[in-house]
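Asks: Encoded as structure tokens, here's the structure I'll be asking about.
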Amino acid sequence: MAVSTLKWQGRLVGLVTVAGLLVFAPLGLYVWASGGDAPQTPPRAAVEDVRVTGCRIDPAGRRVVAAVEATGRAEGLGVYVVTVEFRDRAESDPRGRAAQALVKIPGVAPGATEYAEAVGPVWPVATVPYCGVAGAEFARTT
């Protein structure tokens, strides 16, 4: 009786092993096949690459002028389109609408800094302007 019990237990262990392989082998292959690439980091927002470095009123036409700079990305040569906002204070007024201008900065190489000027509206006398980046987009060029 001892020999037949050992045979039965041996067969049971073999069946459990085969069943386990049938269940877990496809799962293991799936995990192995899908884990090849490292997770991708989301691209940096273009607003982080641009900034306003100066804000002045042109004495000839009383228009406000913002000096804008863009620093190139490691992704390659590209063009930035920057929306510059002109206000009479640093804090935005939720009830008011600030004047805006677009400026295009083409040919920005990786790691290089390029400059441009955004010309805004005629500015009232005795009012200090605030110039800031309202938005920016980056497009890679070939």
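Chain lettering (A, B, ...) mirrors the order of the structure tokens, residue numbering begins at 1 for each chain separately, and ligand numbering begins at 1 in order of display.
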As a ChimeraX atom specification, please: every residue in chain A that DSSP puts in strand (DSSP E).
Replies: /A:50-57,63-71,78-87,99-108,113-122,130-140
Asks: Show which residues sit within 8 Å of Val108 in chain A, as a list in words. Count only C-alpha atoms, and ignore same-chain residues fewer than 5 positions away.
Replies: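 The neighbour list is Ala70, Thr71, Gly72, Leu77, Gly78, Val79, Tyr80, Thr113 and Glu114 of chain A.
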Asks: Among range 33-93 of chain A, which residues carry a DSSP assignment of helix (DSSP H, G or I), reported as a PyMOL selection string?
Replies: chain A and resi 33-34+46-49
Asks: Excluding range 92-94 of chain A and residues on its chain fewer than 6 positions from it, collect all residues at most 12 Å away from it, counting only C-alpha atoms, and give them as a VMD selection string.
Replies: chain A and resid 85 to 86 130 to 132 134
Asks: Go ahead and dump the residues you just picked, C-alpha atoms, as a PDB file, in the first residue's frame.
Replies:
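Dumped everything to out35.pdb:
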```
ATOM      1  CA  GLU A  85       1.186  89.271 -22.604  1.00  0.00           C
ATOM      2  CA  PHE A  86       1.246  92.997 -21.756  1.00  0.00           C
ATOM      3  CA  TYR A 130       4.474  94.252 -17.255  1.00  0.00           C
ATOM      4  CA  CYS A 131       5.505  91.788 -19.986  1.00  0.00           C
ATOM      5  CA  GLY A 132       5.231  88.042 -19.472  1.00  0.00           C
ATOM      6  CA  ALA A 134       1.390  83.654 -21.711  1.00  0.00           C
TER       7      ALA A 134
END
```
Asks: Which polymer residues have any atom within 7 Å of an atom of range 117-119 of chain A, counting only C-alpha atoms, with same-chain residues fewer than 4 positions away left out, as a PyMOL selection string?
Replies: chain A and resi 63-68+84+101-103
